>>> print(open('entry08.tsv').read())   # TSV, N, CA and C atoms
chain	number	residue	atom	x	y	z
A	1	MET	N	-5.94	-24.89	-14.61
A	1	MET	CA	-7.08	-24.03	-14.30
A	1	MET	C	-7.03	-23.62	-12.82
A	2	THR	N	-7.35	-22.38	-12.55
A	2	THR	CA	-7.36	-21.87	-11.19
A	2	THR	C	-8.53	-22.45	-10.41
A	3	ALA	N	-8.30	-22.76	-9.15
A	3	ALA	CA	-9.36	-23.26	-8.28
A	3	ALA	C	-10.44	-22.20	-8.14
A	4	PRO	N	-11.67	-22.58	-7.83
A	4	PRO	CA	-12.75	-21.59	-7.73
A	4	PRO	C	-12.64	-20.66	-6.52
A	5	TYR	N	-11.79	-20.99	-5.55
A	5	TYR	CA	-11.55	-20.08	-4.42
A	5	TYR	C	-10.22	-20.43	-3.79
A	6	THR	N	-9.70	-19.48	-3.01
A	6	THR	CA	-8.44	-19.67	-2.30
A	6	THR	C	-8.56	-19.03	-0.93
A	7	VAL	N	-8.09	-19.72	0.10
A	7	VAL	CA	-8.05	-19.19	1.46
A	7	VAL	C	-6.59	-19.16	1.89
A	8	LYS	N	-6.12	-18.01	2.33
A	8	LYS	CA	-4.71	-17.87	2.71
A	8	LYS	C	-4.60	-16.76	3.75
A	9	SER	N	-3.83	-16.99	4.79
A	9	SER	CA	-3.55	-15.93	5.76
A	9	SER	C	-2.57	-14.95	5.13
A	10	LEU	N	-2.84	-13.67	5.25
A	10	LEU	CA	-1.94	-12.67	4.70
A	10	LEU	C	-0.58	-12.67	5.38
A	11	THR	N	-0.51	-13.20	6.60
A	11	THR	CA	0.78	-13.28	7.28
A	11	THR	C	1.66	-14.39	6.68
A	12	GLU	N	1.08	-15.28	5.87
A	12	GLU	CA	1.83	-16.33	5.20
A	12	GLU	C	2.39	-15.87	3.85
A	13	VAL	N	1.94	-14.73	3.36
A	13	VAL	CA	2.43	-14.19	2.10
A	13	VAL	C	3.82	-13.59	2.34
A	14	LYS	N	4.72	-13.79	1.41
A	14	LYS	CA	6.10	-13.29	1.54
A	14	LYS	C	6.12	-11.78	1.77
A	15	ASP	N	6.92	-11.35	2.74
A	15	ASP	CA	7.16	-9.93	2.98
A	15	ASP	C	8.23	-9.47	1.97
A	16	SER	N	7.84	-8.61	1.04
A	16	SER	CA	8.75	-8.14	-0.01
A	16	SER	C	9.56	-6.92	0.39
A	17	ALA	N	9.29	-6.34	1.55
A	17	ALA	CA	10.01	-5.14	1.97
A	17	ALA	C	11.52	-5.34	2.05
A	18	PRO	N	12.03	-6.45	2.58
A	18	PRO	CA	13.48	-6.62	2.63
A	18	PRO	C	14.14	-6.65	1.24
A	19	ASP	N	13.41	-7.13	0.25
A	19	ASP	CA	13.96	-7.23	-1.11
A	19	ASP	C	14.27	-5.86	-1.71
A	20	VAL	N	13.58	-4.82	-1.24
A	20	VAL	CA	13.77	-3.47	-1.80
A	20	VAL	C	14.26	-2.48	-0.74
A	21	GLY	N	14.75	-2.99	0.38
A	21	GLY	CA	15.34	-2.14	1.40
A	21	GLY	C	14.37	-1.33	2.22
A	22	LEU	N	13.11	-1.81	2.34
A	22	LEU	CA	12.11	-1.07	3.11
A	22	LEU	C	11.81	-1.68	4.47
A	23	ASP	N	12.48	-2.77	4.84
A	23	ASP	CA	12.12	-3.47	6.06
A	23	ASP	C	12.35	-2.66	7.33
A	24	GLN	N	13.14	-1.59	7.28
A	24	GLN	CA	13.29	-0.75	8.47
A	24	GLN	C	12.04	0.10	8.72
A	25	PHE	N	11.17	0.24	7.70
A	25	PHE	CA	9.96	1.05	7.80
A	25	PHE	C	8.68	0.24	7.86
A	26	GLN	N	8.64	-0.90	7.14
A	26	GLN	CA	7.36	-1.55	6.94
A	26	GLN	C	7.51	-2.98	6.47
A	27	GLN	N	6.35	-3.65	6.40
A	27	GLN	CA	6.19	-4.93	5.72
A	27	GLN	C	5.30	-4.68	4.50
A	28	VAL	N	5.55	-5.40	3.42
A	28	VAL	CA	4.73	-5.31	2.20
A	28	VAL	C	4.47	-6.72	1.72
A	29	ARG	N	3.22	-7.12	1.71
A	29	ARG	CA	2.85	-8.48	1.29
A	29	ARG	C	1.89	-8.40	0.11
A	30	PHE	N	2.41	-8.69	-1.09
A	30	PHE	CA	1.61	-8.67	-2.32
A	30	PHE	C	0.91	-10.02	-2.44
A	31	ALA	N	-0.39	-10.06	-2.21
A	31	ALA	CA	-1.11	-11.32	-2.05
A	31	ALA	C	-1.81	-11.83	-3.30
A	32	GLY	N	-1.84	-11.07	-4.37
A	32	GLY	CA	-2.60	-11.48	-5.55
A	32	GLY	C	-2.24	-12.87	-6.05
A	33	ALA	N	-0.96	-13.13	-6.27
A	33	ALA	CA	-0.54	-14.43	-6.79
A	33	ALA	C	-0.82	-15.55	-5.78
A	34	ASP	N	-0.59	-15.28	-4.48
A	34	ASP	CA	-0.84	-16.29	-3.45
A	34	ASP	C	-2.32	-16.67	-3.37
A	35	LEU	N	-3.17	-15.74	-3.77
A	35	LEU	CA	-4.61	-16.01	-3.77
A	35	LEU	C	-5.10	-16.51	-5.13
A	36	ASP	N	-4.19	-16.69	-6.08
A	36	ASP	CA	-4.53	-17.10	-7.45
A	36	ASP	C	-5.47	-16.09	-8.11
A	37	ALA	N	-5.37	-14.82	-7.72
A	37	ALA	CA	-6.22	-13.78	-8.31
A	37	ALA	C	-5.76	-13.49	-9.73
A	38	GLU	N	-6.68	-13.44	-10.63
A	38	GLU	CA	-6.36	-13.20	-12.03
A	38	GLU	C	-6.49	-11.73	-12.43
A	39	ARG	N	-7.41	-11.01	-11.79
A	39	ARG	CA	-7.65	-9.62	-12.16
A	39	ARG	C	-7.62	-8.65	-10.99
A	40	THR	N	-7.45	-9.16	-9.79
A	40	THR	CA	-7.50	-8.31	-8.60
A	40	THR	C	-6.15	-8.31	-7.89
A	41	GLY	N	-5.69	-7.11	-7.54
A	41	GLY	CA	-4.49	-6.97	-6.74
A	41	GLY	C	-4.86	-6.74	-5.29
A	42	LEU	N	-4.11	-7.33	-4.37
A	42	LEU	CA	-4.32	-7.12	-2.94
A	42	LEU	C	-2.96	-7.08	-2.27
A	43	THR	N	-2.74	-6.03	-1.48
A	43	THR	CA	-1.48	-5.87	-0.75
A	43	THR	C	-1.79	-5.57	0.70
A	44	PHE	N	-1.06	-6.22	1.60
A	44	PHE	CA	-1.14	-5.93	3.02
A	44	PHE	C	0.11	-5.16	3.39
A	45	LEU	N	-0.08	-3.97	3.96
A	45	LEU	CA	1.03	-3.10	4.35
A	45	LEU	C	0.98	-2.90	5.86
A	46	ARG	N	2.13	-3.07	6.50
A	46	ARG	CA	2.23	-2.84	7.95
A	46	ARG	C	3.41	-1.91	8.18
A	47	PHE	N	3.11	-0.66	8.61
A	47	PHE	CA	4.13	0.35	8.88
A	47	PHE	C	4.48	0.34	10.36
A	48	LYS	N	5.75	0.45	10.65
A	48	LYS	CA	6.20	0.54	12.03
A	48	LYS	C	5.79	1.90	12.60
A	49	PRO	N	5.68	2.03	13.93
A	49	PRO	CA	5.27	3.30	14.54
A	49	PRO	C	6.11	4.48	14.06
A	50	ASP	N	5.42	5.57	13.74
A	50	ASP	CA	6.03	6.84	13.33
A	50	ASP	C	6.93	6.71	12.10
A	51	ALA	N	6.67	5.73	11.27
A	51	ALA	CA	7.53	5.49	10.10
A	51	ALA	C	6.82	5.82	8.79
A	52	HIS	N	7.62	6.19	7.82
A	52	HIS	CA	7.17	6.28	6.43
A	52	HIS	C	8.37	5.99	5.55
A	53	PRO	N	8.16	5.40	4.39
A	53	PRO	CA	9.30	4.95	3.59
A	53	PRO	C	10.03	6.05	2.83
A	54	GLY	N	9.53	7.26	2.80
A	54	GLY	CA	10.23	8.34	2.11
A	54	GLY	C	10.00	8.40	0.62
A	55	PHE	N	9.13	7.54	0.12
A	55	PHE	CA	8.80	7.61	-1.30
A	55	PHE	C	7.30	7.50	-1.48
A	56	ALA	N	6.87	7.82	-2.68
A	56	ALA	CA	5.45	7.71	-3.03
A	56	ALA	C	5.35	7.02	-4.38
A	57	HIS	N	4.12	6.72	-4.79
A	57	HIS	CA	3.94	6.15	-6.13
A	57	HIS	C	2.61	6.60	-6.71
A	58	ARG	N	2.50	6.40	-8.01
A	58	ARG	CA	1.23	6.64	-8.70
A	58	ARG	C	1.15	5.66	-9.87
A	59	HIS	N	-0.04	5.59	-10.44
A	59	HIS	CA	-0.29	4.69	-11.56
A	59	HIS	C	-0.85	5.47	-12.74
A	60	GLU	N	-0.77	4.89	-13.91
A	60	GLU	CA	-1.43	5.47	-15.08
A	60	GLU	C	-2.84	4.92	-15.23
A	61	GLN	N	-3.05	3.66	-14.82
A	61	GLN	CA	-4.35	3.02	-15.04
A	61	GLN	C	-5.04	2.54	-13.77
A	62	ALA	N	-4.28	2.15	-12.78
A	62	ALA	CA	-4.84	1.45	-11.62
A	62	ALA	C	-5.43	2.40	-10.59
A	63	GLU	N	-6.74	2.32	-10.40
A	63	GLU	CA	-7.40	2.95	-9.26
A	63	GLU	C	-7.22	2.00	-8.07
A	64	GLU	N	-6.91	2.55	-6.90
A	64	GLU	CA	-6.72	1.72	-5.72
A	64	GLU	C	-7.60	2.21	-4.58
A	65	VAL	N	-7.97	1.26	-3.72
A	65	VAL	CA	-8.67	1.57	-2.48
A	65	VAL	C	-7.81	1.03	-1.35
A	66	TYR	N	-7.57	1.88	-0.36
A	66	TYR	CA	-6.81	1.51	0.83
A	66	TYR	C	-7.77	1.52	2.02
A	67	VAL	N	-7.71	0.49	2.85
A	67	VAL	CA	-8.53	0.42	4.05
A	67	VAL	C	-7.60	0.27	5.25
A	68	VAL	N	-7.75	1.16	6.22
A	68	VAL	CA	-6.95	1.09	7.45
A	68	VAL	C	-7.53	-0.02	8.32
A	69	VAL	N	-6.72	-1.04	8.56
A	69	VAL	CA	-7.14	-2.17	9.38
A	69	VAL	C	-6.94	-1.84	10.85
A	70	SER	N	-5.79	-1.23	11.17
A	70	SER	CA	-5.53	-0.83	12.56
A	70	SER	C	-4.50	0.29	12.56
A	71	GLY	N	-4.41	0.95	13.71
A	71	GLY	CA	-3.48	2.06	13.86
A	71	GLY	C	-4.03	3.34	13.26
A	72	SER	N	-3.13	4.28	13.06
A	72	SER	CA	-3.51	5.58	12.50
A	72	SER	C	-2.29	6.20	11.85
A	73	GLY	N	-2.53	7.30	11.16
A	73	GLY	CA	-1.42	7.99	10.51
A	73	GLY	C	-1.93	9.04	9.55
A	74	ARG	N	-1.16	9.25	8.50
A	74	ARG	CA	-1.52	10.24	7.49
A	74	ARG	C	-1.27	9.66	6.11
A	75	VAL	N	-2.03	10.15	5.17
A	75	VAL	CA	-1.80	9.82	3.77
A	75	VAL	C	-1.57	11.13	3.03
A	76	LYS	N	-0.54	11.17	2.20
A	76	LYS	CA	-0.28	12.34	1.36
A	76	LYS	C	-0.74	12.00	-0.04
A	77	LEU	N	-1.68	12.80	-0.55
A	77	LEU	CA	-2.27	12.61	-1.87
A	77	LEU	C	-1.97	13.85	-2.69
A	78	ASP	N	-1.03	13.73	-3.63
A	78	ASP	CA	-0.47	14.90	-4.31
A	78	ASP	C	0.02	15.88	-3.26
A	79	ASP	N	-0.56	17.08	-3.18
A	79	ASP	CA	-0.09	18.08	-2.21
A	79	ASP	C	-0.96	18.16	-0.95
A	80	GLU	N	-1.94	17.27	-0.82
A	80	GLU	CA	-2.84	17.29	0.33
A	80	GLU	C	-2.45	16.18	1.31
A	81	VAL	N	-2.60	16.44	2.61
A	81	VAL	CA	-2.33	15.45	3.65
A	81	VAL	C	-3.62	15.26	4.45
A	82	GLU	N	-4.01	13.99	4.62
A	82	GLU	CA	-5.23	13.64	5.36
A	82	GLU	C	-4.87	12.72	6.53
A	83	GLU	N	-5.50	12.96	7.68
A	83	GLU	CA	-5.37	12.07	8.83
A	83	GLU	C	-6.25	10.84	8.57
A	84	ILE	N	-5.75	9.64	8.93
A	84	ILE	CA	-6.52	8.42	8.73
A	84	ILE	C	-6.43	7.55	9.97
A	85	GLY	N	-7.48	6.75	10.18
A	85	GLY	CA	-7.53	5.84	11.32
A	85	GLY	C	-8.30	4.59	10.98
A	86	ALA	N	-8.46	3.74	11.97
A	86	ALA	CA	-9.07	2.43	11.78
A	86	ALA	C	-10.39	2.51	11.02
A	87	LEU	N	-10.50	1.67	10.01
A	87	LEU	CA	-11.65	1.49	9.13
A	87	LEU	C	-11.91	2.65	8.19
A	88	ASP	N	-11.01	3.62	8.13
A	88	ASP	CA	-11.10	4.64	7.08
A	88	ASP	C	-10.74	3.98	5.75
A	89	ALA	N	-11.46	4.35	4.72
A	89	ALA	CA	-11.18	3.88	3.36
A	89	ALA	C	-10.78	5.08	2.52
A	90	VAL	N	-9.75	4.91	1.71
A	90	VAL	CA	-9.25	5.99	0.85
A	90	VAL	C	-9.21	5.47	-0.58
A	91	ARG	N	-10.03	6.05	-1.46
A	91	ARG	CA	-9.98	5.71	-2.88
A	91	ARG	C	-9.04	6.68	-3.55
A	92	VAL	N	-8.14	6.16	-4.39
A	92	VAL	CA	-7.15	7.00	-5.04
A	92	VAL	C	-7.22	6.77	-6.55
A	93	ALA	N	-7.47	7.84	-7.28
A	93	ALA	CA	-7.50	7.77	-8.74
A	93	ALA	C	-6.10	7.46	-9.26
A	94	PRO	N	-5.99	6.91	-10.45
A	94	PRO	CA	-4.69	6.46	-10.97
A	94	PRO	C	-3.59	7.51	-10.96
A	95	THR	N	-3.84	8.72	-11.35
A	95	THR	CA	-2.76	9.69	-11.53
A	95	THR	C	-2.38	10.44	-10.26
A	96	VAL	N	-3.03	10.14	-9.14
A	96	VAL	CA	-2.72	10.80	-7.88
A	96	VAL	C	-1.51	10.13	-7.24
A	97	THR	N	-0.50	10.91	-6.88
A	97	THR	CA	0.67	10.38	-6.18
A	97	THR	C	0.31	10.22	-4.71
A	98	ARG	N	0.66	9.04	-4.14
A	98	ARG	CA	0.24	8.72	-2.77
A	98	ARG	C	1.36	8.10	-1.97
A	99	SER	N	1.30	8.36	-0.65
A	99	SER	CA	2.22	7.75	0.29
A	99	SER	C	1.60	7.82	1.69
A	100	PHE	N	2.05	6.93	2.56
A	100	PHE	CA	1.48	6.82	3.90
A	100	PHE	C	2.55	7.04	4.95
A	101	GLU	N	2.11	7.50	6.11
A	101	GLU	CA	2.97	7.70	7.27
A	101	GLU	C	2.23	7.18	8.48
A	102	ALA	N	2.88	6.34	9.27
A	102	ALA	CA	2.26	5.76	10.45
A	102	ALA	C	2.32	6.71	11.63
A	103	GLY	N	1.31	6.60	12.49
A	103	GLY	CA	1.30	7.32	13.75
A	103	GLY	C	2.04	6.52	14.82
A	104	PRO	N	1.90	6.91	16.09
A	104	PRO	CA	2.66	6.29	17.18
A	104	PRO	C	2.32	4.82	17.43
A	105	ASP	N	1.15	4.36	16.96
A	105	ASP	CA	0.75	2.96	17.15
A	105	ASP	C	0.98	2.12	15.90
A	106	GLY	N	1.64	2.69	14.90
A	106	GLY	CA	1.82	1.97	13.64
A	106	GLY	C	0.60	2.13	12.76
A	107	LEU	N	0.63	1.48	11.61
A	107	LEU	CA	-0.46	1.59	10.64
A	107	LEU	C	-0.50	0.32	9.82
A	108	GLU	N	-1.68	-0.31	9.77
A	108	GLU	CA	-1.89	-1.49	8.93
A	108	GLU	C	-2.95	-1.17	7.90
A	109	LEU	N	-2.64	-1.47	6.64
A	109	LEU	CA	-3.53	-1.15	5.52
A	109	LEU	C	-3.73	-2.36	4.62
A	110	LEU	N	-4.89	-2.43	4.02
A	110	LEU	CA	-5.12	-3.31	2.88
A	110	LEU	C	-5.28	-2.41	1.66
A	111	ALA	N	-4.60	-2.74	0.58
A	111	ALA	CA	-4.72	-2.02	-0.68
A	111	ALA	C	-5.23	-2.99	-1.72
A	112	PHE	N	-6.26	-2.58	-2.45
A	112	PHE	CA	-6.77	-3.47	-3.49
A	112	PHE	C	-7.32	-2.69	-4.66
A	113	GLY	N	-7.39	-3.38	-5.79
A	113	GLY	CA	-7.91	-2.81	-7.02
A	113	GLY	C	-7.64	-3.75	-8.17
A	114	ALA	N	-8.05	-3.35	-9.34
A	114	ALA	CA	-7.80	-4.15	-10.54
A	114	ALA	C	-6.30	-4.19	-10.82
A	115	ARG	N	-5.80	-5.37	-11.22
A	115	ARG	CA	-4.36	-5.50	-11.50
A	115	ARG	C	-4.00	-4.88	-12.83
A	116	HIS	N	-2.94	-4.15	-12.82
A	116	HIS	CA	-2.33	-3.58	-14.03
A	116	HIS	C	-0.83	-3.76	-13.86
A	117	ASP	N	-0.33	-4.95	-14.16
A	117	ASP	CA	1.09	-5.26	-13.95
A	117	ASP	C	1.98	-4.26	-14.67
A	118	GLY	N	3.01	-3.80	-13.96
A	118	GLY	CA	3.97	-2.87	-14.53
A	118	GLY	C	3.49	-1.43	-14.60
A	119	ASP	N	2.32	-1.15	-14.04
A	119	ASP	CA	1.73	0.19	-14.08
A	119	ASP	C	2.04	0.91	-12.78
A	120	GLY	N	3.20	1.50	-12.67
A	120	GLY	CA	3.54	2.22	-11.46
A	120	GLY	C	4.81	3.03	-11.64
A	121	GLU	N	4.85	4.15	-10.94
A	121	GLU	CA	6.00	5.05	-11.00
A	121	GLU	C	6.27	5.51	-9.57
A	122	ALA	N	7.53	5.44	-9.13
A	122	ALA	CA	7.91	5.83	-7.77
A	122	ALA	C	8.57	7.21	-7.76
A	123	PHE	N	8.36	7.93	-6.64
A	123	PHE	CA	8.94	9.24	-6.41
A	123	PHE	C	9.61	9.23	-5.05
A	124	PHE	N	10.87	9.64	-4.99
A	124	PHE	CA	11.61	9.58	-3.73
A	124	PHE	C	11.66	10.97	-3.08
A	125	ASP	N	11.98	10.98	-1.77
A	125	ASP	CA	11.98	12.21	-0.98
A	125	ASP	C	10.63	12.91	-1.03
A	126	TRP	N	9.55	12.12	-0.92
A	126	TRP	CA	8.19	12.62	-1.03
A	126	TRP	C	7.74	13.36	0.22
A	127	TRP	N	8.05	12.83	1.40
A	127	TRP	CA	7.66	13.48	2.65
A	127	TRP	C	8.72	14.49	3.04
A	128	PRO	N	8.35	15.70	3.43
A	128	PRO	CA	9.35	16.66	3.89
A	128	PRO	C	10.03	16.16	5.15
A	129	ARG	N	11.25	16.49	5.32
A	129	ARG	CA	12.02	16.05	6.49
A	129	ARG	C	11.88	17.05	7.61
>>> encode(input="entry08.tsv", output="structure tokens")
Amino acid sequence: MTAPYTVKSLTEVKDSAPDVGLDQFQQVRFAGADLDAERTGLTFLRFKPDAHPGFAHRHEQAEEVYVVVSGSGRVKLDDEVEEIGALDAVRVAPTVTRSFEAGPDGLELLAFGARHDGDGEAFFDWWPR
């Protein structure tokens, strides 16, 4: 049985970016399992200054909310681009394709929503060069 609560530093969660070749752009820490979350997904993303990974993703079922913890940058939502900064929150409907780009000070985000394992599709060459 899962404990009634879990306390964990997000910096202690494994950085998965090196596993998929993204470590030159960012850190990605999927914290749901480390927090023993059964229905909630939580990811900590840290983008290096002026970086973006060159791909985007969308879901069929999962609505996500992203909160900028620090830094600034842009988010591309389908064909629209929005400037974002500290404490901005961005809600993204499942079928919207999304990707982030850090500004000169980098970009730190928390992403959370209901878990839908295996519900995701990636698109490459998303940001124009």
>>> atom_distance(input="entry08.tsv", atom1="atom C of A:Thr97", atom2="atom N of A:Gly120")
12.2 Å
>>> select_by_dssp(input="entry08.tsv", residues="chain A", states="strand (DSSP E)", output="MDAnalysis selection string")
chainID A and resid 26:30 40:47 55:58 64:77 80:85 89:92 98:114 121:124
>>> closest_residue(input="entry08.tsv", among="A:Val7, A:Ala102, A:Ala51, A:Val96", to="A:Ser72", atoms="only C-alpha atoms")
A:Ala102
>>> residues_around(input="entry08.tsv", residues="A:Ser9", least_positions_apart="2", cutoff="10 Å", atoms="only C-alpha atoms", output="PyMOL selection string")
chain A and resi 7+11-13+31+34-35
>>> atom_distance(input="entry08.tsv", atom1="atom N of A:Asp79", atom2="atom N of A:Gly113")
21.7 Å
>>> select_by_dssp(input="entry08.tsv", residues="chain A", states="helix (DSSP H, G or I)", output="PyMOL selection string")
chain A and resi 10-12+17-20
>>> closest_residue(input="entry08.tsv", among="A:Arg46, A:His52, A:Lys8, A:Lys14", to="A:Leu109", atoms="only C-alpha atoms")
A:Arg46
>>> atom_distance(input="entry08.tsv", atom1="atom CA of A:Thr6", atom2="atom CA of A:Ala37")
8.7 Å
>>> residues_around(input="entry08.tsv", residues="A:Asp23", least_positions_apart="4", cutoff="12 Å", atoms="only C-alpha atoms", output="short mmCIF file (atom, residue, chain, number, x, y, z; two decimals) with N, CA and C atoms, in the coordinates of the input")
data_model
loop_
_atom_site.label_atom_id
_atom_site.label_comp_id
_atom_site.auth_asym_id
_atom_site.auth_seq_id
_atom_site.Cartn_x
_atom_site.Cartn_y
_atom_site.Cartn_z
N ASP A 15 6.92 -11.35 2.74
CA ASP A 15 7.16 -9.93 2.98
C ASP A 15 8.23 -9.47 1.97
N SER A 16 7.84 -8.61 1.04
CA SER A 16 8.75 -8.14 -0.01
C SER A 16 9.56 -6.92 0.39
N ALA A 17 9.29 -6.34 1.55
CA ALA A 17 10.01 -5.14 1.97
C ALA A 17 11.52 -5.34 2.05
N PRO A 18 12.03 -6.45 2.58
CA PRO A 18 13.48 -6.62 2.63
C PRO A 18 14.14 -6.65 1.24
N ASP A 19 13.41 -7.13 0.25
CA ASP A 19 13.96 -7.23 -1.11
C ASP A 19 14.27 -5.86 -1.71
N GLN A 27 6.35 -3.65 6.40
CA GLN A 27 6.19 -4.93 5.72
C GLN A 27 5.30 -4.68 4.50
N VAL A 28 5.55 -5.40 3.42
CA VAL A 28 4.73 -5.31 2.20
C VAL A 28 4.47 -6.72 1.72
N ARG A 29 3.22 -7.12 1.71
CA ARG A 29 2.85 -8.48 1.29
C ARG A 29 1.89 -8.40 0.11
N LEU A 45 -0.08 -3.97 3.96
CA LEU A 45 1.03 -3.10 4.35
C LEU A 45 0.98 -2.90 5.86
N ARG A 46 2.13 -3.07 6.50
CA ARG A 46 2.23 -2.84 7.95
C ARG A 46 3.41 -1.91 8.18
N PHE A 47 3.11 -0.66 8.61
CA PHE A 47 4.13 0.35 8.88
C PHE A 47 4.48 0.34 10.36
N LYS A 48 5.75 0.45 10.65
CA LYS A 48 6.20 0.54 12.03
C LYS A 48 5.79 1.90 12.60
N ALA A 51 6.67 5.73 11.27
CA ALA A 51 7.53 5.49 10.10
C ALA A 51 6.82 5.82 8.79
N HIS A 52 7.62 6.19 7.82
CA HIS A 52 7.17 6.28 6.43
C HIS A 52 8.37 5.99 5.55
N PRO A 53 8.16 5.40 4.39
CA PRO A 53 9.30 4.95 3.59
C PRO A 53 10.03 6.05 2.83
#
>>> residues_around(input="entry08.tsv", residues="A:His57", least_positions_apart="6", cutoff="8 Å", atoms="all atoms listed in the file", output="list in words")
Pro94, Thr95, Val96, Thr97, Arg98, Ser99, Phe100, Gly120, Glu121, Ala122, Phe123 and Phe124 of chain A
>>> residues_around(input="entry08.tsv", residues="A:Val68", least_positions_apart="6", cutoff="5 Å", atoms="only N, CA and C atoms", output="number ranges by chain")
A: 86-88, 108-109
>>> closest_residue(input="entry08.tsv", among="A:Phe25, A:Gly85, A:Ser70, A:Glu38", to="A:Gly54", atoms="all atoms listed in the file")
A:Phe25
>>> closest_residue(input="entry08.tsv", among="A:Val67, A:Val75, A:Val81, A:Ala93", to="A:Leu110", atoms="all atoms listed in the file")
A:Val67
>>> closest_residue(input="entry08.tsv", among="A:Ala56, A:Arg115, A:Val69, A:Gln26", to="A:Arg39", atoms="all atoms listed in the file")
A:Arg115
>>> closest_residue(input="entry08.tsv", among="A:Glu101, A:Glu82, A:Asp50, A:Glu64", to="A:Ala114", atoms="all atoms listed in the file")
A:Glu64
